[in-house]
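Trainee: Structure supplied as run.txt; contents: compact mmCIF, C-alpha atoms.
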# COMPACT_ATOMS: atom_id res chain seq x y z
CA MET I 1 62.90 51.24 -28.55
CA LYS I 2 64.86 48.05 -28.70
CA LYS I 3 67.76 49.66 -26.86
CA LYS I 4 65.40 50.60 -24.07
CA TRP I 5 63.95 47.07 -23.73
CA VAL I 6 67.21 45.12 -23.75
CA PRO I 7 68.39 46.10 -20.26
CA PHE I 8 64.88 45.51 -18.84
CA VAL I 9 64.83 41.98 -20.28
CA GLY I 10 68.24 41.35 -18.84
CA VAL I 11 67.17 42.54 -15.42
CA LEU I 12 64.03 40.41 -15.68
CA LEU I 13 66.06 37.32 -16.54
CA MET I 14 68.39 37.99 -13.62
CA MET I 15 65.42 38.30 -11.26
CA LEU I 16 63.95 35.03 -12.50
CA ILE I 17 67.27 33.24 -12.00
CA ILE I 18 67.65 34.63 -8.47
CA THR I 19 64.08 33.71 -7.59
CA ALA I 20 64.52 30.18 -8.94
CA CYS I 21 67.69 29.73 -6.93
CA SER I 22 66.01 31.12 -3.87
CA GLN I 23 63.05 28.77 -4.32
CA GLY I 24 65.40 25.89 -4.83
CA LYS I 25 67.19 26.67 -1.58
CA THR I 26 63.87 27.09 0.25
CA THR I 27 62.57 23.79 -1.07
CA GLU I 28 65.76 22.03 -0.11
CA SER I 29 65.67 23.56 3.35
CA SER I 30 62.02 22.59 3.80
CA SER I 31 62.78 19.14 2.53
CA GLN I 32 65.60 18.79 4.99
CA GLY I 33 63.39 20.11 7.81
CA SER I 34 60.58 17.72 6.93
CA GLY I 35 63.02 14.89 6.86
CA LYS I 36 64.29 15.80 10.31
CA GLU I 37 60.76 16.02 11.67
CA ALA I 38 59.93 12.72 10.03
CA ASP I 39 62.98 11.19 11.62
CA GLU I 40 61.89 12.50 15.02
CA SER I 41 58.32 11.23 14.62
CA SER I 42 59.53 7.85 13.44
CA LYS I 43 61.76 7.28 16.43
CA GLU I 44 60.49 4.48 18.60
CA VAL I 45 58.97 5.55 21.90
CA LYS I 46 58.01 3.16 24.65
CA LEU I 47 55.38 4.18 27.18
CA THR I 48 54.29 2.35 30.30
CA PHE I 49 50.75 2.63 31.64
CA PHE I 50 49.98 2.08 35.32
CA ASN I 51 46.35 1.03 35.66
CA THR I 52 44.27 1.02 38.83
CA SER I 53 41.01 0.28 36.97
CA ALA I 54 41.94 -3.36 37.27
CA GLU I 55 38.62 -4.77 36.08
CA VAL I 56 39.36 -3.48 32.55
CA ASN I 57 43.03 -4.42 32.21
CA GLY I 58 42.25 -6.54 29.14
CA VAL I 59 40.41 -3.73 27.36
CA PHE I 60 43.34 -1.38 27.83
CA GLU I 61 45.78 -3.97 26.47
CA LYS I 62 43.71 -4.39 23.30
CA LEU I 63 43.52 -0.62 22.93
CA PHE I 64 47.30 -0.31 23.21
CA LYS I 65 47.70 -2.84 20.38
CA THR I 66 45.29 -0.89 18.20
CA TYR I 67 47.20 2.31 18.84
CA HIS I 68 50.50 0.62 18.00
CA GLU I 69 49.05 -0.61 14.70
CA GLN I 70 48.17 2.97 13.81
CA HIS I 71 51.33 4.48 15.32
CA PRO I 72 54.05 1.81 14.86
CA ASN I 73 56.70 3.95 16.54
CA VAL I 74 54.78 3.98 19.86
CA THR I 75 54.64 0.90 22.08
CA ILE I 76 52.58 0.94 25.27
CA GLU I 77 53.07 -1.62 28.02
CA LEU I 78 50.45 -2.21 30.69
CA ILE I 79 51.47 -2.27 34.35
CA PRO I 80 48.40 -3.99 35.85
CA THR I 81 47.20 -3.98 39.43
CA PRO I 82 44.75 -6.40 41.07
CA ILE I 83 41.23 -5.33 41.97
CA GLY I 84 41.36 -3.74 45.40
CA GLY I 85 44.93 -4.91 45.79
CA ALA I 86 48.00 -3.08 47.00
CA GLN I 87 47.79 -0.55 44.19
CA LEU I 88 49.24 2.42 46.05
CA GLU I 89 52.16 0.37 47.33
CA LYS I 90 52.98 -0.76 43.79
CA PHE I 91 52.83 2.81 42.51
CA GLN I 92 55.12 3.95 45.33
CA SER I 93 57.59 1.16 44.58
CA LEU I 94 57.84 2.27 40.95
CA LEU I 95 58.62 5.80 42.05
CA ALA I 96 61.19 4.59 44.58
CA SER I 97 62.90 2.43 41.96
CA GLY I 98 63.33 5.40 39.65
CA ASN I 99 61.25 3.68 37.01
CA PRO I 100 57.85 5.40 37.15
CA ALA I 101 55.11 4.69 34.64
CA THR I 102 54.84 7.24 31.84
CA ILE I 103 51.05 7.41 32.20
CA ALA I 104 49.18 6.60 35.39
CA ASN I 105 45.45 6.00 35.70
CA LEU I 106 45.02 7.02 39.32
CA ASP I 107 42.54 8.26 41.86
CA ALA I 108 42.59 12.06 41.92
CA GLY I 109 43.72 11.99 45.55
CA THR I 110 46.82 9.98 44.71
CA ILE I 111 47.75 12.46 41.99
CA LEU I 112 47.31 15.29 44.47
CA GLN I 113 49.51 13.52 47.02
CA TYR I 114 52.31 13.08 44.45
CA LYS I 115 51.66 16.24 42.45
CA ASP I 116 55.37 17.12 42.22
CA LYS I 117 55.91 13.86 40.30
CA PHE I 118 53.44 14.68 37.53
CA LEU I 119 53.49 16.99 34.55
CA ASN I 120 51.48 20.20 34.89
CA LEU I 121 49.01 20.04 32.01
CA ASP I 122 47.90 23.68 32.02
CA SER I 123 49.05 23.92 28.39
CA GLU I 124 46.42 21.30 27.53
CA LYS I 125 43.66 22.80 29.69
CA ALA I 126 42.00 24.92 26.99
CA THR I 127 41.95 21.95 24.63
CA TYR I 128 40.17 19.74 27.14
CA GLU I 129 37.79 22.50 28.18
CA GLY I 130 36.69 22.52 24.55
CA LEU I 131 36.36 18.74 24.39
CA THR I 132 34.63 18.00 27.69
CA LYS I 133 31.23 18.75 29.13
CA PRO I 134 30.89 21.90 31.28
CA GLY I 135 32.51 21.49 34.66
CA ALA I 136 34.51 18.37 33.80
CA VAL I 137 37.90 20.09 33.78
CA ASP I 138 37.07 22.22 36.82
CA GLY I 139 36.07 19.03 38.64
CA ALA I 140 39.46 17.53 37.82
CA LEU I 141 41.54 20.45 39.14
CA LEU I 142 43.61 19.63 42.19
CA ASP I 143 44.50 22.63 44.32
CA GLY I 144 43.82 24.66 41.19
CA GLN I 145 46.23 22.73 38.96
CA PHE I 146 45.39 20.64 35.90
CA LEU I 147 47.44 17.55 36.72
CA GLY I 148 45.15 14.82 35.41
CA ILE I 149 42.96 14.47 32.34
CA PRO I 150 39.38 13.35 33.07
CA TRP I 151 38.27 10.30 31.15
CA THR I 152 35.38 8.80 33.01
CA ALA I 153 32.59 9.82 35.34
CA GLN I 154 31.02 7.31 37.69
CA GLY I 155 28.22 7.09 40.19
CA TYR I 156 27.22 4.70 42.92
CA GLY I 157 24.44 3.90 45.32
CA LEU I 158 21.98 1.04 45.61
CA LEU I 159 21.75 -0.75 42.29
CA TYR I 160 18.52 -2.66 41.80
CA ASN I 161 17.49 -5.65 39.72
CA LYS I 162 14.16 -4.58 38.26
CA ARG I 163 12.74 -8.08 37.75
CA VAL I 164 13.41 -9.17 41.32
CA VAL I 165 12.01 -5.98 42.84
CA GLU I 166 8.89 -5.94 40.69
CA GLU I 167 8.15 -9.61 41.30
CA ALA I 168 8.33 -8.91 45.03
CA LEU I 169 6.11 -5.85 44.74
CA GLY I 170 3.68 -7.53 42.40
CA GLY I 171 3.82 -4.57 40.05
CA SER I 172 5.96 -1.81 38.60
CA PHE I 173 8.72 -0.19 40.66
CA ASP I 174 9.26 3.56 40.73
CA PRO I 175 12.81 4.23 42.00
CA ALA I 176 11.73 7.74 43.06
CA SER I 177 9.44 6.10 45.61
CA ILE I 178 12.44 5.41 47.86
CA LYS I 179 13.16 8.69 49.62
CA THR I 180 13.67 7.51 53.19
CA ARG I 181 15.09 4.61 55.17
CA ASP I 182 11.59 3.38 55.97
CA ASP I 183 10.75 3.36 52.26
CA LEU I 184 13.75 1.14 51.66
CA GLU I 185 12.92 -1.23 54.50
CA ALA I 186 9.35 -1.61 53.25
CA VAL I 187 10.67 -2.87 49.92
CA PHE I 188 13.22 -5.12 51.66
CA LYS I 189 10.42 -6.79 53.62
CA LYS I 190 8.46 -7.53 50.47
CA VAL I 191 11.54 -9.02 48.83
CA VAL I 192 12.04 -11.30 51.84
CA ALA I 193 8.38 -12.35 51.63
CA ALA I 194 8.98 -13.26 47.98
CA GLY I 195 11.81 -15.58 49.01
CA LYS I 196 14.76 -13.48 47.82
CA ALA I 197 17.66 -11.69 49.53
CA PRO I 198 16.98 -7.95 49.70
CA VAL I 199 20.51 -6.62 49.35
CA MET I 200 24.09 -7.59 48.49
CA LEU I 201 26.86 -5.97 50.57
CA HIS I 202 30.34 -6.38 49.13
CA GLY I 203 32.71 -6.90 52.06
CA ALA I 204 35.92 -5.42 50.62
CA ASP I 205 37.58 -2.56 52.49
CA TRP I 206 37.42 -0.26 49.43
CA SER I 207 33.66 -0.68 49.15
CA LEU I 208 33.00 -0.31 52.88
CA GLY I 209 35.63 2.29 53.72
CA ALA I 210 35.73 4.52 50.64
CA HIS I 211 32.30 4.18 49.08
CA TYR I 212 30.05 3.66 52.07
CA LEU I 213 31.69 5.21 55.14
CA GLY I 214 33.31 7.78 52.85
CA LEU I 215 29.88 9.28 52.23
CA THR I 216 30.09 10.67 55.78
CA TYR I 217 32.60 13.29 54.64
CA SER I 218 30.57 14.26 51.56
CA LEU I 219 27.15 14.48 53.17
CA GLN I 220 28.03 17.33 55.50
CA SER I 221 27.46 19.84 52.73
CA SER I 222 27.21 20.18 48.96
CA ASN I 223 30.25 22.48 49.20
CA VAL I 224 33.58 20.66 49.06
CA GLU I 225 35.37 23.30 51.15
CA ASP I 226 32.84 22.82 53.97
CA ASN I 227 33.50 19.09 53.81
CA ARG I 228 37.26 19.62 53.90
CA LYS I 229 36.79 21.73 57.03
CA PHE I 230 34.74 18.94 58.62
CA VAL I 231 37.59 16.50 58.05
CA LYS I 232 40.04 18.96 59.61
CA ASP I 233 37.71 19.25 62.58
CA LEU I 234 37.72 15.45 62.91
CA GLU I 235 41.51 15.55 62.95
CA ASN I 236 41.73 18.18 65.66
CA GLY I 237 38.91 16.65 67.68
CA THR I 238 36.40 19.49 67.44
CA ALA I 239 34.02 17.33 65.39
CA LYS I 240 32.70 14.11 66.91
CA LEU I 241 31.29 11.32 64.76
CA ALA I 242 29.16 10.10 67.65
CA ASP I 243 27.21 13.37 67.49
CA ASN I 244 27.11 13.70 63.70
CA ALA I 245 23.71 13.28 62.02
CA ALA I 246 25.01 12.19 58.61
CA TYR I 247 27.32 9.55 60.11
CA ASN I 248 24.67 8.13 62.42
CA GLY I 249 22.10 8.15 59.63
CA LEU I 250 24.46 6.29 57.33
CA MET I 251 25.21 3.71 59.97
CA ASP I 252 21.50 3.22 60.78
CA THR I 253 20.96 2.44 57.10
CA PHE I 254 24.01 0.19 57.12
CA ASP I 255 22.52 -1.72 60.05
CA LEU I 256 19.38 -2.21 57.98
CA MET I 257 21.35 -3.55 55.02
CA LYS I 258 23.50 -5.68 57.31
CA LYS I 259 20.33 -7.29 58.66
CA TYR I 260 19.11 -8.15 55.15
CA ASN I 261 22.52 -8.90 53.61
CA ALA I 262 22.62 -11.80 51.13
CA ARG I 263 26.15 -12.54 52.41
CA SER I 264 25.26 -12.40 56.11
CA LYS I 265 26.59 -15.91 56.79
CA ASP I 266 30.04 -15.05 55.44
CA PRO I 267 30.12 -11.25 54.96
CA LEU I 268 33.86 -10.81 54.38
CA VAL I 269 34.41 -13.22 51.48
CA ALA I 270 34.24 -10.18 49.16
CA ASP I 271 34.33 -11.97 45.81
CA TYR I 272 33.61 -9.02 43.51
CA THR I 273 32.89 -11.10 40.41
CA LYS I 274 30.62 -13.52 42.25
CA ASP I 275 28.73 -10.77 44.08
CA SER I 276 28.16 -8.87 40.84
CA THR I 277 27.18 -12.01 38.95
CA ASP I 278 24.74 -13.21 41.62
CA PHE I 279 23.08 -9.80 41.73
CA ALA I 280 22.81 -9.70 37.94
CA LYS I 281 21.15 -13.12 37.91
CA GLY I 282 18.61 -12.23 40.56
CA GLU I 283 20.11 -13.58 43.79
CA ALA I 284 19.58 -10.19 45.44
CA ALA I 285 17.23 -7.30 44.72
CA PHE I 286 19.70 -4.50 45.57
CA TYR I 287 23.48 -4.21 45.51
CA PHE I 288 25.55 -1.45 47.11
CA MET I 289 27.91 -0.78 44.23
CA GLY I 290 28.61 1.56 41.32
CA ASP I 291 27.94 1.68 37.62
CA TRP I 292 31.48 0.38 36.99
CA THR I 293 30.28 -3.13 37.80
CA TRP I 294 28.77 -3.23 34.31
CA ALA I 295 32.22 -4.32 33.15
CA VAL I 296 31.49 -7.60 34.93
CA ILE I 297 27.79 -8.06 34.39
CA GLY I 298 27.31 -6.48 30.97
CA ASN I 299 28.29 -9.57 28.98
CA LEU I 300 27.07 -12.24 31.39
CA GLU I 301 24.97 -14.99 29.90
CA GLY I 302 21.72 -15.67 31.67
CA ARG I 303 21.62 -12.35 33.50
CA ASP I 304 18.56 -10.19 33.93
CA LYS I 305 18.10 -7.36 31.48
CA GLU I 306 16.92 -4.31 33.41
CA PHE I 307 18.72 -2.54 36.22
CA GLY I 308 18.69 0.87 37.85
CA ILE I 309 19.94 2.82 40.83
CA VAL I 310 18.49 4.55 43.88
CA PRO I 311 20.31 6.73 46.43
CA VAL I 312 21.27 5.40 49.84
CA PRO I 313 18.70 7.01 52.18
CA ILE I 314 20.23 8.25 55.42
CA SER I 315 17.14 9.36 57.33
CA ASN I 316 13.37 9.43 57.31
CA ASN I 317 13.24 13.03 56.15
CA PRO I 318 13.07 13.03 52.34
CA GLU I 319 14.44 16.59 52.29
CA ASP I 320 17.78 15.63 53.86
CA TYR I 321 20.78 15.96 51.56
CA GLY I 322 21.67 12.51 50.25
CA ASN I 323 18.25 10.88 50.42
CA THR I 324 17.44 11.64 46.80
CA GLN I 325 20.96 12.09 45.38
CA VAL I 326 23.46 9.53 44.12
CA ALA I 327 27.19 9.82 44.70
CA TYR I 328 28.97 11.03 41.56
CA SER I 329 32.51 11.98 40.62
CA GLU I 330 35.38 11.75 38.16
CA PRO I 331 37.26 9.17 40.18
CA LYS I 332 40.12 8.42 37.84
CA LEU I 333 42.39 10.76 35.91
CA PHE I 334 45.21 10.19 33.43
CA ALA I 335 48.42 11.78 34.74
CA ILE I 336 51.75 12.00 32.93
CA ASP I 337 55.02 11.41 34.76
CA ASN I 338 57.47 14.28 35.17
CA SER I 339 60.04 12.57 37.37
CA GLY I 340 61.69 10.10 35.02
CA SER I 341 60.08 10.37 31.58
CA THR I 342 61.69 12.03 28.58
CA GLU I 343 60.14 14.90 26.64
CA ALA I 344 59.53 12.50 23.76
CA GLN I 345 57.64 10.14 26.08
CA GLN I 346 55.62 13.00 27.54
CA ALA I 347 54.69 14.28 24.08
CA ALA I 348 53.71 10.78 22.95
CA ALA I 349 51.69 10.31 26.13
CA LYS I 350 49.73 13.51 25.48
CA GLU I 351 48.96 12.42 21.93
CA PHE I 352 47.87 8.95 23.03
CA ILE I 353 45.56 10.20 25.78
CA GLN I 354 43.84 12.64 23.45
CA TRP I 355 43.45 9.87 20.87
CA MET I 356 42.01 7.58 23.53
CA VAL I 357 39.22 9.96 24.55
CA THR I 358 38.37 11.33 21.09
CA SER I 359 38.94 8.56 18.54
CA ASP I 360 36.29 6.03 17.53
CA GLU I 361 38.50 3.21 18.78
CA GLY I 362 39.20 4.82 22.14
CA GLN I 363 35.58 5.78 22.75
CA ASP I 364 34.41 2.31 21.78
CA ALA I 365 36.84 0.78 24.29
CA ILE I 366 35.81 3.10 27.12
CA VAL I 367 32.08 3.39 26.48
CA ALA I 368 31.07 0.17 24.76
CA GLN I 369 33.60 -2.30 26.17
CA MET I 370 34.35 -0.88 29.62
CA GLY I 371 30.80 0.36 29.94
CA LEU I 372 31.90 3.70 31.38
CA ALA I 373 30.60 7.22 30.81
CA LEU I 374 32.91 9.71 29.10
CA PRO I 375 32.41 13.30 30.31
CA TYR I 376 32.98 14.54 26.75
CA LYS I 377 30.75 16.47 24.37
CA ASP I 378 31.28 14.53 21.15
CA VAL I 379 30.87 10.90 22.14
CA LYS I 380 30.08 8.94 19.00
CA VAL I 381 29.60 5.57 20.69
CA LYS I 382 26.31 4.78 22.39
CA SER I 383 26.72 3.41 25.88
CA SER I 384 25.59 -0.13 26.54
CA ASN I 385 25.86 0.48 30.28
CA ILE I 386 22.33 0.53 31.65
CA LEU I 387 23.66 1.47 35.08
CA SER I 388 25.62 4.41 33.73
CA GLU I 389 22.52 5.63 31.94
CA ALA I 390 20.57 5.35 35.21
CA VAL I 391 23.20 7.44 37.01
CA GLY I 392 23.06 9.91 34.13
CA SER I 393 19.39 10.55 34.77
CA PHE I 394 20.25 11.77 38.28
CA VAL I 395 23.10 13.89 36.90
CA ASP I 396 20.76 15.51 34.37
CA GLN I 397 18.41 16.45 37.23
CA GLY I 398 21.23 17.79 39.36
CA LYS I 399 20.54 15.12 41.98
CA VAL I 400 24.09 14.17 42.89
CA VAL I 401 26.22 14.15 46.03
CA ASN I 402 29.46 16.06 45.54
CA ILE I 403 32.07 13.56 46.77
CA SER I 404 35.18 15.42 45.60
CA VAL I 405 36.33 15.86 49.21
CA ILE I 406 37.79 12.38 48.89
CA ASN I 407 40.47 13.83 46.58
CA TYR I 408 41.94 15.57 49.63
CA LEU I 409 41.80 12.67 52.08
CA PRO I 410 44.84 10.61 53.12
CA GLN I 411 45.48 7.78 50.71
CA ASP I 412 45.10 5.11 53.39
CA TYR I 413 41.81 6.39 54.82
CA TRP I 414 39.68 3.82 53.03
CA ALA I 415 41.90 0.88 53.89
CA LYS I 416 42.24 1.84 57.56
CA THR I 417 38.62 2.76 58.17
CA GLY I 418 37.50 0.01 55.79
CA ALA I 419 39.13 -2.52 58.09
CA SER I 420 37.06 -1.12 60.95
CA MET I 421 33.93 -1.36 58.83
CA GLN I 422 34.76 -4.99 58.09
CA LYS I 423 34.95 -5.73 61.81
CA TYR I 424 31.63 -4.00 62.32
CA LEU I 425 30.03 -5.92 59.45
CA ALA I 426 31.30 -9.19 60.90
CA GLY I 427 30.04 -8.34 64.39
CA VAL I 428 33.51 -8.14 65.92
CA ILE I 429 32.90 -4.61 67.22
CA ASP I 430 29.74 -2.64 67.96
CA ARG I 431 28.75 0.87 66.81
CA LYS I 432 30.70 2.52 69.61
CA GLY I 433 33.76 0.45 68.80
CA LEU I 434 33.51 1.41 65.12
CA THR I 435 33.02 5.08 65.92
CA ASP I 436 35.97 5.09 68.31
CA GLU I 437 38.27 3.44 65.75
CA VAL I 438 37.32 5.82 62.94
CA GLN I 439 37.61 8.83 65.24
CA ALA I 440 41.02 7.60 66.37
CA TYR I 441 42.16 7.24 62.76
CA TRP I 442 41.36 10.90 62.06
CA ALA I 443 43.03 12.01 65.27
CA SER I 444 46.18 10.21 64.08
CA GLN I 445 46.22 12.39 60.96
CA ALA I 446 46.42 15.69 62.87
CA GLY I 447 49.42 17.72 61.81
CA LYS I 448 50.35 15.50 58.88
Can you turn what I pasted into structure tokens?
Mentor:
Amino acid sequence: MKKKWVPFVGVLLMMLIITACSQGKTTESSSQGSGKEADESSKEVKLTFFNTSAEVNGVFEKLFKTYHEQHPNVTIELIPTPIGGAQLEKFQSLLASGNPATIANLDAGTILQYKDKFLNLDSEKATYEGLTKPGAVDGALLDGQFLGIPWTAQGYGLLYNKRVVEEALGGSFDPASIKTRDDLEAVFKKVVAAGKAPVMLHGADWSLGAHYLGLTYSLQSSNVEDNRKFVKDLENGTAKLADNAAYNGLMDTFDLMKKYNARSKDPLVADYTKDSTDFAKGEAAFYFMGDWTWAVIGNLEGRDKEFGIVPVPISNNPEDYGNTQVAYSEPKLFAIDNSGSTEAQQAAAKEFIQWMVTSDEGQDAIVAQMGLALPYKDVKVKSSNILSEAVGSFVDQGKVVNISVINYLPQDYWAKTGASMQKYLAGVIDRKGLTDEVQAYWASQAGK
């Protein structure tokens, strides 16, 4: 018996020795691999962040510091731009210099224009489809490609100061009561009778050219492809603004607001902070602007407390598209450079962006501090933005104007046509002059 067991024990001991050696080698190899990965993750990476949401530059800078505290190997430097300033020119100069920003917070249309300069994020698409609300990723696709990560959704129309309107009406105000241009004018007249300015028009080219006149291209249809065709028809001359119902309706409403404008004596000053502040403190009942202005008025001392939004009515038929819908979109996307950034920078950029839209700190910065709406499912921070909540009520009812056609428009359309709108607002040209200038702009784009 013993003779039979001796060789078995010997074999067993040999197997144990071999296994131990093997485990030792595996552990050493794993240890070496972990060390290498640790070395890689500990390497310092510097990212630059080009920001066109200029009103929240300071919030982004604080967020970058927070991220660096949690991830000491990653440093993020802000490349700021002024509100409404030469943002596109600055972006172009960075590209031309061979020193592009690692991450760019840009209008979707700009990303589309420079799509060969940005990283295709299709590998991240499934992740963000899981994180965002239905339709958010699809709404961010540009010619079918996932080139920019959605991080905010915004709406605009006629903001209203509830106290001022209700004092003028002598009772409660139901925003749904404004369904036509005549409805709006009736309220304007009561505000005038109460000794207040009915409406604030911000005279900057971006507000007049992109947000107001830009509605022309979105109000043709709820289908973005139909609207793209309309723009092409403007370029080739087969569509005429002078004969277009949506354009003329918009301009009739603009004439009404121009008549009752709080800035009528000096309409082109365009001081965004002052206009927003004066509206928030009751100097005007309505303000043509978006929910993003909460970044200015949210923390103002002495402001009124209740605000809302109504659509810009474009006719006296309440059934017309646009009369009961607010403009809504995902105007800014986070894109990652693919023309001068290293793989390490791109990987770090992906990690930072996902942290920014999912972490408590990132959501607090975007929702609570910037006052913006995140199109994400699991938003832990309650919004303090009354205006964003008001826009959200229209979104929940499906009462929105699809303005995504602007993603496909030339990047100078708002500046060029905005300049014409400024002349019209100031009385330098009449309706025909405005129409001719805008029509001429589109004709100049033919074949480009």
Trainee: So how many Å separate CA of Ala54 in chain I and CA of Val405 in chain I, to one decimal?
Mentor: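 Answer for the CA of Ala54 in chain I to CA of Val405 in chain I separation: 23.3 Å.
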Trainee: Return the single residue from I:Tyr160, I:Asn244, I:Gly58, I:Gln325 that is closest to Asp174 in chain I, with distances computed using only C-alpha atoms.
Mentor: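 The closest residue to Asp174 in chain I is I:Tyr160.
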Trainee: Once you count only C-alpha atoms, which residues end up no further than 6 Å from (41.1, 0.3, 18.2) in the file's frame, shown as a CSV table (one decimal) with C-alpha atoms, in the coordinates of the input?
Mentor:
chain,number,residue,atom,x,y,z
I,63,LEU,CA,43.5,-0.6,22.9
I,66,THR,CA,45.3,-0.9,18.2
I,361,GLU,CA,38.5,3.2,18.8
Trainee: Interatomic distance between CA of Ile111 in chain I and CA of Tyr272 in chain I?
Mentor: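 Distance between the two atoms: 25.8 Å.
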Trainee: Just the residues within 8 Å of Val137 in chain I, please, counting all atoms listed in the file, with nothing from its chain fewer than 5 positions along; format it as a PDB file with C-alpha atoms, in the coordinates of the input.
Mentor:
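The result, written out as result26.pdb:
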ATOM      1  CA  LYS I 125      43.660  22.800  29.690  1.00  0.00           C
ATOM      2  CA  TYR I 128      40.170  19.740  27.140  1.00  0.00           C
ATOM      3  CA  GLU I 129      37.790  22.500  28.180  1.00  0.00           C
ATOM      4  CA  THR I 132      34.630  18.000  27.690  1.00  0.00           C
ATOM      5  CA  PHE I 146      45.390  20.640  35.900  1.00  0.00           C
ATOM      6  CA  ILE I 149      42.960  14.470  32.340  1.00  0.00           C
ATOM      7  CA  PRO I 150      39.380  13.350  33.070  1.00  0.00           C
TER       8      PRO I 150
END
Trainee: Do you have the CA of Ala168 in chain I-CA of Asp278 in chain I distance handy?
Mentor: 17.3 Å
Trainee: Find the spatial neighbours of Arg163 in chain I, counting only C-alpha atoms, within a cut-off of 10 Å - ignore same-chain residues fewer than 3 positions away - and output them as a list in words.
Mentor: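 Listing them by chain and then by number gives Tyr160, Glu166, Glu167, Ala168, Leu169, Gly171, Ser172, Phe173, Lys281, Gly282, Ala285, Asp304, Lys305, Glu306 and Phe307 of chain I.
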